[in-house]
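*Asks:* So here's structure15.tsv (TSV, C-alpha atoms (C1' of nucleotides)).
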```
chain	number	residue	atom	x	y	z
A	1	MET	CA	15.59	6.30	18.39
A	2	SER	CA	17.63	3.69	20.18
A	3	ASP	CA	20.62	4.84	22.16
A	4	LEU	CA	22.79	2.33	20.37
A	5	THR	CA	22.16	4.04	17.07
A	6	PHE	CA	23.63	7.27	18.34
A	7	THR	CA	26.59	5.54	19.94
A	8	SER	CA	27.30	3.78	16.69
A	9	PHE	CA	27.03	7.05	14.80
A	10	LYS	CA	29.35	8.93	17.13
A	11	LYS	CA	31.78	6.08	17.06
A	12	ARG	CA	31.96	6.18	13.30
A	13	LEU	CA	32.78	9.87	13.41
A	14	LYS	CA	35.41	9.52	16.11
A	15	THR	CA	37.22	6.49	14.74
A	16	ASN	CA	37.67	8.47	11.55
A	17	GLY	CA	39.02	11.50	13.36
A	18	HIS	CA	35.94	13.71	13.26
A	19	PHE	CA	34.07	15.56	15.99
A	20	ALA	CA	30.52	14.83	17.08
A	21	THR	CA	29.28	18.40	16.76
A	22	ALA	CA	25.82	19.82	17.21
A	23	PRO	CA	25.14	20.37	13.49
A	24	ARG	CA	26.15	16.78	12.76
A	25	MET	CA	23.92	15.39	15.47
A	26	LYS	CA	21.01	17.41	14.18
A	27	LEU	CA	21.60	16.24	10.62
A	28	PHE	CA	21.63	12.66	11.79
A	29	VAL	CA	18.50	13.02	13.90
A	30	VAL	CA	16.58	14.53	11.01
A	31	LEU	CA	17.69	11.66	8.79
A	32	LEU	CA	16.58	9.10	11.35
A	33	ASN	CA	13.12	10.62	11.39
A	34	HIS	CA	13.00	11.08	7.62
A	35	PRO	CA	15.22	8.42	6.06
A	36	ASN	CA	14.58	9.66	2.53
A	37	LEU	CA	14.53	13.41	1.99
A	38	THR	CA	15.44	15.57	-0.96
A	39	ILE	CA	18.65	17.44	-0.31
A	40	LYS	CA	16.67	20.66	-0.38
A	41	GLU	CA	14.27	19.50	2.32
A	42	LEU	CA	17.16	18.21	4.38
A	43	ILE	CA	19.02	21.51	4.32
A	44	GLU	CA	15.86	23.40	5.14
A	45	ARG	CA	15.23	21.24	8.17
A	46	THR	CA	18.78	21.43	9.50
A	47	SER	CA	20.57	24.65	8.70
A	48	LYS	CA	18.31	26.93	6.76
A	49	HIS	CA	20.76	29.85	6.88
A	50	ASP	CA	24.03	28.01	6.40
A	51	GLN	CA	24.00	25.57	3.52
A	52	ALA	CA	27.80	25.45	3.68
A	53	THR	CA	27.89	23.36	6.83
A	54	ALA	CA	25.09	21.15	5.60
A	55	TYR	CA	26.89	20.42	2.34
A	56	ARG	CA	30.18	19.81	4.12
A	57	ASN	CA	28.58	17.34	6.49
A	58	ILE	CA	26.56	15.62	3.81
A	59	THR	CA	29.79	15.07	1.89
A	60	LEU	CA	31.46	13.81	5.05
A	61	PHE	CA	28.60	11.46	5.93
A	62	GLU	CA	28.76	10.00	2.47
A	63	LYS	CA	32.48	9.33	2.75
A	64	LEU	CA	31.92	7.64	6.10
A	65	GLY	CA	29.15	5.43	4.72
A	66	ILE	CA	26.43	7.00	6.83
A	67	ILE	CA	24.30	8.18	3.91
A	68	THR	CA	23.99	7.81	0.14
A	69	VAL	CA	23.32	10.57	-2.37
A	70	THR	CA	21.02	9.61	-5.22
A	71	LYS	CA	19.29	11.26	-8.12
A	72	TYR	CA	15.72	10.16	-8.86
A	73	GLY	CA	15.06	11.71	-12.22
A	74	TRP	CA	16.19	15.28	-11.67
A	75	VAL	CA	15.87	15.38	-7.88
A	76	THR	CA	18.72	14.64	-5.49
A	77	ARG	CA	17.85	12.62	-2.41
A	78	ILE	CA	19.74	11.71	0.77
A	79	GLU	CA	19.22	8.39	2.49
A	80	LEU	CA	20.71	6.64	5.48
A	81	THR	CA	22.71	3.56	4.55
A	82	ASP	CA	21.81	0.06	5.70
A	83	ASP	CA	24.01	0.57	8.76
A	84	PHE	CA	21.48	3.03	10.17
A	85	HIS	CA	18.23	2.07	8.47
A	86	PRO	CA	16.87	-1.40	7.57
A	87	HIS	CA	18.01	-2.46	4.12
A	88	HIS	CA	15.34	-2.02	1.46
A	89	HIS	CA	14.76	-0.82	-2.08
A	90	HIS	CA	12.46	1.69	-3.74
A	91	ILE	CA	10.12	2.10	-6.63
A	92	SER	CA	9.49	5.67	-7.77
A	93	CYS	CA	7.00	7.29	-10.10
A	94	THR	CA	8.38	8.79	-13.30
A	95	ILE	CA	5.45	11.18	-13.46
A	96	CYS	CA	4.91	12.58	-9.98
A	97	GLY	CA	8.13	11.47	-8.23
A	98	THR	CA	6.47	9.61	-5.37
A	99	ILE	CA	8.75	7.06	-3.72
A	100	THR	CA	7.54	3.78	-2.20
A	101	SER	CA	9.43	1.00	-0.42
A	102	LEU	CA	9.55	-2.48	-1.92
A	103	PRO	CA	9.09	-5.57	0.26
A	104	HIS	CA	12.17	-7.50	1.32
A	105	SER	CA	13.23	-10.48	-0.77
A	106	ASP	CA	15.97	-12.90	0.24
A	107	GLU	CA	16.01	-14.27	-3.25
A	108	LEU	CA	16.77	-10.84	-4.65
A	109	GLU	CA	19.48	-10.16	-2.11
A	110	ASN	CA	21.12	-13.49	-2.82
A	111	SER	CA	21.12	-12.84	-6.55
A	112	ILE	CA	22.79	-9.50	-5.96
A	113	ASP	CA	25.43	-11.02	-3.69
A	114	LEU	CA	26.15	-13.67	-6.27
A	115	ILE	CA	26.62	-11.31	-9.19
A	116	THR	CA	28.67	-8.93	-7.08
A	117	LYS	CA	31.09	-11.66	-6.05
A	118	GLN	CA	31.86	-12.24	-9.71
A	119	SER	CA	33.46	-8.81	-9.94
A	120	ASP	CA	36.85	-7.96	-8.51
A	121	TYR	CA	35.46	-5.16	-6.37
A	122	ILE	CA	34.98	-5.32	-2.61
A	123	SER	CA	31.26	-4.64	-2.31
A	124	GLN	CA	30.12	-2.10	0.27
A	125	THR	CA	26.50	-1.35	-0.48
A	126	HIS	CA	23.97	-1.74	-3.25
A	127	LYS	CA	20.69	-0.24	-4.24
A	128	LEU	CA	17.95	-1.26	-6.61
A	129	GLU	CA	15.90	1.52	-8.15
A	130	VAL	CA	12.72	0.64	-9.98
A	131	ARG	CA	10.99	3.37	-11.95
A	132	GLY	CA	7.39	3.16	-13.01
A	133	ILE	CA	3.95	4.70	-12.80
A	134	CYS	CA	2.26	4.88	-9.41
A	135	PRO	CA	-1.39	3.90	-8.90
A	136	THR	CA	-2.50	7.51	-8.55
A	137	CYS	CA	-0.95	8.57	-11.84
A	138	GLN	CA	-2.31	5.44	-13.52
A	139	LYS	CA	-5.82	6.50	-12.57
A	140	ALA	CA	-5.21	10.12	-13.44
A	141	ASN	CA	-4.16	8.84	-16.85
A	142	LYS	CA	-1.65	11.64	-17.07
A	143	ILE	CA	0.35	12.08	-20.24
A	144	ASP	CA	3.76	13.69	-20.18
A	145	CYS	CA	4.35	16.43	-22.72
B	1	MET	CA	25.69	1.91	-35.20
B	2	SER	CA	22.91	-0.06	-36.87
B	3	ASP	CA	20.50	1.82	-39.04
B	4	LEU	CA	17.59	0.35	-37.10
B	5	THR	CA	18.77	2.05	-33.96
B	6	PHE	CA	18.47	5.47	-35.55
B	7	THR	CA	15.11	4.66	-37.08
B	8	SER	CA	13.83	3.58	-33.71
B	9	PHE	CA	15.19	6.73	-32.11
B	10	LYS	CA	13.65	9.04	-34.68
B	11	LYS	CA	10.38	7.18	-34.42
B	12	ARG	CA	10.27	7.71	-30.69
B	13	LEU	CA	10.73	11.42	-31.16
B	14	LYS	CA	8.14	11.70	-33.90
B	15	THR	CA	5.43	9.60	-32.32
B	16	ASN	CA	5.67	11.91	-29.33
B	17	GLY	CA	5.42	15.03	-31.47
B	18	HIS	CA	9.05	16.09	-31.47
B	19	PHE	CA	11.43	16.92	-34.30
B	20	ALA	CA	14.52	14.97	-35.20
B	21	THR	CA	16.89	17.93	-35.15
B	22	ALA	CA	20.65	18.06	-35.63
B	23	PRO	CA	21.47	18.71	-31.94
B	24	ARG	CA	19.31	15.75	-30.93
B	25	MET	CA	20.93	13.44	-33.43
B	26	LYS	CA	24.35	14.49	-32.24
B	27	LEU	CA	23.40	13.94	-28.61
B	28	PHE	CA	22.16	10.47	-29.46
B	29	VAL	CA	25.23	9.55	-31.49
B	30	VAL	CA	27.57	10.60	-28.71
B	31	LEU	CA	25.55	8.51	-26.26
B	32	LEU	CA	25.71	5.48	-28.54
B	33	ASN	CA	29.48	5.74	-28.61
B	34	HIS	CA	29.76	6.49	-24.90
B	35	PRO	CA	26.77	4.90	-23.18
B	36	ASN	CA	27.77	6.19	-19.77
B	37	LEU	CA	29.12	9.75	-19.56
B	38	THR	CA	29.00	12.37	-16.85
B	39	ILE	CA	26.61	15.12	-17.78
B	40	LYS	CA	29.57	17.48	-17.95
B	41	GLU	CA	31.42	15.33	-20.46
B	42	LEU	CA	28.25	14.88	-22.47
B	43	ILE	CA	27.62	18.62	-22.76
B	44	GLU	CA	31.24	19.24	-23.65
B	45	ARG	CA	31.10	16.72	-26.46
B	46	THR	CA	27.81	17.94	-27.90
B	47	SER	CA	27.21	21.67	-27.46
B	48	LYS	CA	30.11	23.23	-25.65
B	49	HIS	CA	28.77	26.75	-26.14
B	50	ASP	CA	25.08	26.16	-25.60
B	51	GLN	CA	24.31	24.14	-22.51
B	52	ALA	CA	20.71	25.29	-22.70
B	53	THR	CA	19.89	23.09	-25.68
B	54	ALA	CA	21.79	20.19	-24.18
B	55	TYR	CA	19.85	20.42	-20.93
B	56	ARG	CA	16.55	20.77	-22.74
B	57	ASN	CA	17.22	17.69	-24.82
B	58	ILE	CA	18.55	15.68	-21.93
B	59	THR	CA	15.32	16.43	-20.08
B	60	LEU	CA	13.30	15.50	-23.14
B	61	PHE	CA	15.22	12.25	-23.72
B	62	GLU	CA	14.57	11.28	-20.13
B	63	LYS	CA	10.85	11.89	-20.48
B	64	LEU	CA	10.79	9.79	-23.63
B	65	GLY	CA	12.66	6.94	-21.96
B	66	ILE	CA	15.75	7.28	-24.13
B	67	ILE	CA	18.14	7.95	-21.27
B	68	THR	CA	18.32	7.87	-17.49
B	69	VAL	CA	19.90	10.48	-15.23
B	70	THR	CA	21.73	9.08	-12.22
B	71	LYS	CA	23.97	10.30	-9.46
B	72	TYR	CA	26.90	8.11	-8.54
B	73	GLY	CA	28.14	9.64	-5.33
B	74	TRP	CA	28.33	13.32	-6.18
B	75	VAL	CA	28.58	12.97	-9.97
B	76	THR	CA	25.61	13.04	-12.35
B	77	ARG	CA	25.73	10.55	-15.20
B	78	ILE	CA	23.64	10.03	-18.33
B	79	GLU	CA	23.01	6.56	-19.73
B	80	LEU	CA	21.00	5.15	-22.58
B	81	THR	CA	18.07	3.02	-21.44
B	82	ASP	CA	17.71	-0.65	-22.22
B	83	ASP	CA	15.83	0.25	-25.38
B	84	PHE	CA	19.04	1.55	-26.92
B	85	HIS	CA	21.76	-0.27	-25.03
B	86	PRO	CA	21.80	-3.87	-23.77
B	87	HIS	CA	20.35	-4.10	-20.27
B	88	HIS	CA	23.03	-4.34	-17.59
B	89	HIS	CA	24.00	-3.09	-14.16
B	90	HIS	CA	27.05	-1.35	-12.71
B	91	ILE	CA	29.42	-1.49	-9.83
B	92	SER	CA	31.25	1.74	-9.04
B	93	CYS	CA	34.17	2.63	-6.84
B	94	THR	CA	33.44	4.79	-3.80
B	95	ILE	CA	37.01	6.07	-3.81
B	96	CYS	CA	37.93	6.88	-7.41
B	97	GLY	CA	34.52	6.76	-9.09
B	98	THR	CA	35.40	4.18	-11.74
B	99	ILE	CA	32.37	2.40	-13.18
B	100	THR	CA	32.37	-1.24	-14.37
B	101	SER	CA	29.60	-3.35	-15.90
B	102	LEU	CA	28.31	-6.42	-14.07
B	103	PRO	CA	27.65	-9.68	-15.96
B	104	HIS	CA	24.08	-10.52	-16.88
B	105	SER	CA	22.09	-12.76	-14.55
B	106	ASP	CA	18.68	-14.17	-15.38
B	107	GLU	CA	18.22	-15.09	-11.76
B	108	LEU	CA	18.70	-11.49	-10.72
B	109	GLU	CA	16.35	-10.17	-13.38
B	110	ASN	CA	13.67	-12.64	-12.36
B	111	SER	CA	13.95	-11.67	-8.71
B	112	ILE	CA	13.55	-8.03	-9.64
B	113	ASP	CA	10.50	-8.75	-11.80
B	114	LEU	CA	8.96	-10.75	-8.99
B	115	ILE	CA	9.38	-8.11	-6.32
B	116	THR	CA	8.23	-5.38	-8.68
B	117	LYS	CA	5.00	-7.20	-9.47
B	118	GLN	CA	4.14	-7.14	-5.79
B	119	SER	CA	3.82	-3.37	-5.93
B	120	ASP	CA	0.91	-1.54	-7.49
B	121	TYR	CA	3.14	0.40	-9.86
B	122	ILE	CA	3.48	-0.26	-13.58
B	123	SER	CA	7.20	-0.92	-13.87
B	124	GLN	CA	9.09	0.84	-16.66
B	125	THR	CA	12.78	0.37	-15.93
B	126	HIS	CA	15.06	-0.63	-13.10
B	127	LYS	CA	18.67	-0.27	-12.19
B	128	LEU	CA	20.92	-1.94	-9.68
B	129	GLU	CA	23.83	0.09	-8.39
B	130	VAL	CA	26.53	-1.64	-6.42
B	131	ARG	CA	29.13	0.51	-4.68
B	132	GLY	CA	32.46	-0.83	-3.55
B	133	ILE	CA	36.22	-0.57	-3.87
B	134	CYS	CA	37.80	-1.30	-7.23
B	135	PRO	CA	40.89	-3.52	-7.59
B	136	THR	CA	43.17	-0.54	-8.24
B	137	CYS	CA	42.11	1.27	-5.09
B	138	GLN	CA	42.35	-1.95	-3.10
B	139	LYS	CA	46.00	-2.22	-4.09
B	140	ALA	CA	46.67	1.45	-3.57
B	141	ASN	CA	45.30	0.98	-0.08
B	142	LYS	CA	43.95	4.48	-0.22
B	143	ILE	CA	42.35	6.00	2.84
B	144	ASP	CA	39.69	8.65	2.57
B	145	CYS	CA	40.24	11.74	4.68
C	1	DT	C1'	7.43	26.14	-51.96
C	2	DA	C1'	5.10	28.17	-48.12
C	3	DC	C1'	3.41	28.16	-43.58
C	4	DA	C1'	2.73	27.07	-38.63
C	5	DA	C1'	4.84	25.02	-34.91
C	6	DA	C1'	8.92	23.47	-32.69
C	7	DT	C1'	13.54	24.24	-31.67
C	8	DT	C1'	17.87	26.48	-31.40
C	9	DG	C1'	21.42	29.70	-29.76
C	10	DC	C1'	22.50	33.40	-27.17
C	11	DG	C1'	22.74	36.17	-22.98
C	12	DA	C1'	20.89	36.74	-18.63
C	13	DA	C1'	19.00	34.88	-14.35
C	14	DA	C1'	18.11	31.57	-10.84
C	15	DA	C1'	19.47	27.69	-8.17
C	16	DA	C1'	22.86	24.56	-6.28
C	17	DA	C1'	27.29	23.69	-4.47
C	18	DT	C1'	31.95	25.28	-2.99
C	19	DT	C1'	35.44	28.26	-0.88
C	20	DG	C1'	38.09	31.49	2.40
C	21	DC	C1'	38.50	32.98	6.75
C	22	DA	C1'	37.74	34.79	11.47
C	23	DA	C1'	35.21	33.22	15.45
C	24	DT	C1'	33.75	29.29	17.98
C	25	DT	C1'	33.59	24.59	19.54
C	26	DT	C1'	35.61	20.09	20.47
C	27	DG	C1'	38.66	16.48	22.26
C	28	DT	C1'	42.72	15.64	24.88
C	29	DA	C1'	46.16	16.31	28.12
C	30	DT	C1'	47.25	18.34	31.85
D	1	DA	C1'	38.42	22.03	36.03
D	2	DT	C1'	41.61	24.59	32.58
D	3	DA	C1'	44.26	25.37	28.61
D	4	DC	C1'	45.62	24.39	24.16
D	5	DA	C1'	45.78	22.70	19.32
D	6	DA	C1'	43.00	21.09	15.84
D	7	DA	C1'	38.58	20.74	13.81
D	8	DT	C1'	34.44	22.91	12.68
D	9	DT	C1'	31.07	26.44	12.16
D	10	DG	C1'	28.76	30.49	10.22
D	11	DC	C1'	28.88	34.06	7.16
D	12	DA	C1'	29.65	36.33	2.77
D	13	DA	C1'	31.36	35.85	-1.58
D	14	DT	C1'	32.31	32.75	-5.63
D	15	DT	C1'	31.92	29.28	-8.69
D	16	DT	C1'	29.32	25.85	-11.00
D	17	DT	C1'	25.11	23.97	-12.65
D	18	DT	C1'	20.62	24.48	-14.45
D	19	DT	C1'	16.79	27.19	-16.20
D	20	DC	C1'	14.49	31.00	-18.72
D	21	DG	C1'	13.13	34.57	-22.32
D	22	DC	C1'	13.09	35.61	-26.87
D	23	DA	C1'	14.41	36.58	-31.69
D	24	DA	C1'	16.23	33.87	-35.45
D	25	DT	C1'	16.29	29.47	-37.56
D	26	DT	C1'	14.88	24.85	-38.67
D	27	DT	C1'	11.49	21.18	-39.24
D	28	DG	C1'	7.40	18.62	-40.79
D	29	DT	C1'	3.28	18.92	-43.50
D	30	DA	C1'	0.45	20.24	-47.14
```
Once more with this new file: its structure as structure tokens, please.
*Replies:*
Amino acid sequence: MSDLTFTSFKKRLKTNGHFATAPRMKLFVVLLNHPNLTIKELIERTSKHDQATAYRNITLFEKLGIITVTKYGWVTRIELTDDFHPHHHHISCTICGTITSLPHSDELENSIDLITKQSDYISQTHKLEVRGICPTCQKANKIDC
Amino acid sequence: MSDLTFTSFKKRLKTNGHFATAPRMKLFVVLLNHPNLTIKELIERTSKHDQATAYRNITLFEKLGIITVTKYGWVTRIELTDDFHPHHHHISCTICGTITSLPHSDELENSIDLITKQSDYISQTHKLEVRGICPTCQKANKIDC
DNA sequence: TACAAATTGCGAAAAAATTGCAATTTGTAT
DNA sequence: ATACAAATTGCAATTTTTTCGCAATTTGTA
């Protein structure tokens, strides 16, 4: 939404030697409005008839730290990184695939920082994924075959 | 390795109405010896000439909570769950893809439990993924294009 | 040992991701 | 504003990954 967000996005492209093209802007706008889409949904919403460009730009965005590519179960999802969307974690349902945000916890974030510092990596991002059964599926008492 | 591990594995299959077949045993043994393989490597090591069975059993194992399927960047990986491999988290390199285990932290685990309880899901598993730059790539001073 | 149900193994098909290349767009320097 | 080189798009074609159908085989139970 904010103008600053776009400026920051364009800047990241340019400082890395890439152009701020129309397809890239569109991809970014869709992600801002839907920060967690399956890759299929994302491609449908951006370039229905040219997956090639979508895939190329998704790959590029990932390299530039604009998005992350994740698999929840068998489904691939694209999310904006913390630089473009407030940092948070998810819990997802192993039965129906629903994804819900978890509340922020300083304690959790501190623990993660601490453990990360003990490695010899330079940390860039992190993500906690909790898997479980959502309230709806609990009630439905579904059994997987 | 331990006999108990196999018993527990077979039990999980049987109690859910599935057979302990040769391809499934092989899949499990390979996973015990290599608890974190790309799906490609896993299929190569188990049923080079019949991906179909591999995929079917990978899907089944996931449903039964024997493995998890994850995407690190653009690469799909298969891991044993905590039930069959000591619980731990990973940090992976955004440049070369190397994966390293993080040390255990009670503090971290407690924070995760706490935040999870605040949701209305029944938690089954969780996984923390840290992404960063590994020592080798730091030295190589590699730049992504 | 025999039987019903589950699973495999194979080829074929569908879906997802990548590639080559001519046409177009972009950023920069006039 | 205009022109140019480099980057990117859009399309079709390919490759890679995943799923499906079905006859033959294997498994658990009685």
*Asks:* Within 12 Å of chain A, which residues of chain D show up when using only C-alpha atoms (C1' of nucleotides), listed as a list of chain:residue names?
*Replies:*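 Every residue meeting the condition is included here: D:DA6, D:DA7, D:DT8, D:DT9, D:DG10, D:DC11, D:DA12, D:DT18.
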*Asks:* Which residues of chain B come within 8 Å of chain A, and for each one, what is the closest pair of atoms and their distance in Å to one decimal, counting only C-alpha atoms, sorted by chain and residue number, as JSON lines?
*Replies:*
```
{"residue": "B:Glu62", "atom": "CA", "partner": "A:Gly73", "partner_atom": "CA", "distance": 7.9}
{"residue": "B:Lys63", "atom": "CA", "partner": "A:Asp144", "partner_atom": "CA", "distance": 7.3}
{"residue": "B:Thr68", "atom": "CA", "partner": "A:Gly73", "partner_atom": "CA", "distance": 7.3}
{"residue": "B:Val69", "atom": "CA", "partner": "A:Gly73", "partner_atom": "CA", "distance": 5.8}
{"residue": "B:Thr70", "atom": "CA", "partner": "A:Lys71", "partner_atom": "CA", "distance": 5.2}
{"residue": "B:Lys71", "atom": "CA", "partner": "A:Lys71", "partner_atom": "CA", "distance": 5.0}
{"residue": "B:Tyr72", "atom": "CA", "partner": "A:Thr70", "partner_atom": "CA", "distance": 6.9}
{"residue": "B:Gly73", "atom": "CA", "partner": "A:Val69", "partner_atom": "CA", "distance": 5.7}
{"residue": "B:Trp74", "atom": "CA", "partner": "A:Val69", "partner_atom": "CA", "distance": 6.9}
{"residue": "B:Thr76", "atom": "CA", "partner": "A:Lys71", "partner_atom": "CA", "distance": 7.8}
{"residue": "B:Ile91", "atom": "CA", "partner": "A:Tyr121", "partner_atom": "CA", "distance": 7.9}
{"residue": "B:Cys93", "atom": "CA", "partner": "A:Tyr121", "partner_atom": "CA", "distance": 7.9}
{"residue": "B:Leu102", "atom": "CA", "partner": "A:Ser119", "partner_atom": "CA", "distance": 7.0}
{"residue": "B:Pro103", "atom": "CA", "partner": "A:Ile115", "partner_atom": "CA", "distance": 7.0}
{"residue": "B:Ser105", "atom": "CA", "partner": "A:Ile115", "partner_atom": "CA", "distance": 7.2}
{"residue": "B:Glu107", "atom": "CA", "partner": "A:Ser111", "partner_atom": "CA", "distance": 6.4}
{"residue": "B:Leu108", "atom": "CA", "partner": "A:Ser111", "partner_atom": "CA", "distance": 5.0}
{"residue": "B:Ser111", "atom": "CA", "partner": "A:Leu108", "partner_atom": "CA", "distance": 5.0}
{"residue": "B:Ile112", "atom": "CA", "partner": "A:Leu108", "partner_atom": "CA", "distance": 6.6}
{"residue": "B:Ile115", "atom": "CA", "partner": "A:Pro103", "partner_atom": "CA", "distance": 7.1}
{"residue": "B:Thr116", "atom": "CA", "partner": "A:Leu102", "partner_atom": "CA", "distance": 7.5}
{"residue": "B:Gln118", "atom": "CA", "partner": "A:Pro103", "partner_atom": "CA", "distance": 8.0}
{"residue": "B:Ser119", "atom": "CA", "partner": "A:Leu102", "partner_atom": "CA", "distance": 7.1}
{"residue": "B:Asp120", "atom": "CA", "partner": "A:Pro135", "partner_atom": "CA", "distance": 6.1}
{"residue": "B:Tyr121", "atom": "CA", "partner": "A:Cys134", "partner_atom": "CA", "distance": 4.6}
{"residue": "B:Ile122", "atom": "CA", "partner": "A:Ile133", "partner_atom": "CA", "distance": 5.0}
{"residue": "B:Ser123", "atom": "CA", "partner": "A:Gly132", "partner_atom": "CA", "distance": 4.2}
{"residue": "B:Gln124", "atom": "CA", "partner": "A:Gly132", "partner_atom": "CA", "distance": 4.6}
{"residue": "B:Thr125", "atom": "CA", "partner": "A:Arg131", "partner_atom": "CA", "distance": 5.3}
{"residue": "B:His126", "atom": "CA", "partner": "A:Val130", "partner_atom": "CA", "distance": 4.1}
{"residue": "B:Lys127", "atom": "CA", "partner": "A:Glu129", "partner_atom": "CA", "distance": 5.2}
{"residue": "B:Leu128", "atom": "CA", "partner": "A:Leu128", "partner_atom": "CA", "distance": 4.3}
{"residue": "B:Glu129", "atom": "CA", "partner": "A:Lys127", "partner_atom": "CA", "distance": 5.2}
{"residue": "B:Val130", "atom": "CA", "partner": "A:His126", "partner_atom": "CA", "distance": 4.1}
{"residue": "B:Arg131", "atom": "CA", "partner": "A:Thr125", "partner_atom": "CA", "distance": 5.3}
{"residue": "B:Gly132", "atom": "CA", "partner": "A:Ser123", "partner_atom": "CA", "distance": 4.2}
{"residue": "B:Ile133", "atom": "CA", "partner": "A:Ile122", "partner_atom": "CA", "distance": 5.1}
{"residue": "B:Cys134", "atom": "CA", "partner": "A:Tyr121", "partner_atom": "CA", "distance": 4.6}
{"residue": "B:Pro135", "atom": "CA", "partner": "A:Tyr121", "partner_atom": "CA", "distance": 5.8}
{"residue": "B:Asp144", "atom": "CA", "partner": "A:Lys63", "partner_atom": "CA", "distance": 7.2}
```
*Asks:* Figure out the distance between C1' of DA16 (chain C) and CA of Ile99 (chain A), please, to one decimal in Å.
*Replies:*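 Value for the CA of Ile99 (chain A)-C1' of DA16 (chain C) distance: 22.6 Å.
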*Asks:* How many Å separate CA of Tyr55 (chain A) from CA of Thr38 (chain A)?
*Replies:*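 Atom-to-atom, CA of Tyr55 (chain A) and CA of Thr38 (chain A) are spaced 12.9 Å apart.
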*Asks:* Compare B:Asp83, B:Lys48, B:Leu4, B:His34 by their minimum atom-to-atom distance to chain C, counting only C-alpha atoms (C1' of nucleotides), and give me the closest one.
*Replies:*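 Looking only at the distances to chain C, the closest residue turns out to be B:Lys48.
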*Asks:* Could you tell me how far CA of Ile78 (chain A) lies from C1' of DA14 (chain C), in Å and to one decimal?
*Replies:*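 Separating CA of Ile78 (chain A) from C1' of DA14 (chain C) is a distance of 23.1 Å.
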*Asks:* Using all atoms listed in the file, determine which residues lie at most 12 Å from region 25-32 of chain A, disregarding the query and same-chain residues fewer than 3 positions distant; provide the list as a PyMOL selection string.
*Replies:* chain A and resi 1-3+5-10+13+19-22+35-39+41-48+51+53-58+60-61+66-68+77-86
*Asks:* At a cut-off of 8 Å, can you tabulate as CSV every residue of chain C near chain A together with its closest atom pair and the distance in Å to one decimal, using all atoms listed in the file and ordering rows by chain then number?
*Replies:*
```
residue,atom,partner,partner_atom,distance
C:DA17,C1',A:Tyr55,CA,7.6
C:DT18,C1',A:Ala52,CA,7.9
C:DT26,C1',A:Phe19,CA,6.6
C:DG27,C1',A:Phe19,CA,7.8
```
*Asks:* Please write as an MDAnalysis selection string the list of polymer residues whose atoms come within 8 Å of (5.6, 22.3, -45.6), counting all atoms listed in the file and keeping to the coordinates of the file.
*Replies:* (chainID C and resid 1:3) or (chainID D and resid 28:30)
*Asks:* Find, counting all atoms listed in the file, the residue in C:DA13, C:DA6, C:DA23, C:DA29 that gets nearest to DT2 (chain D).
*Replies:*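 Residue with the minimum atom-to-atom distance to DT2 (chain D): C:DA29.
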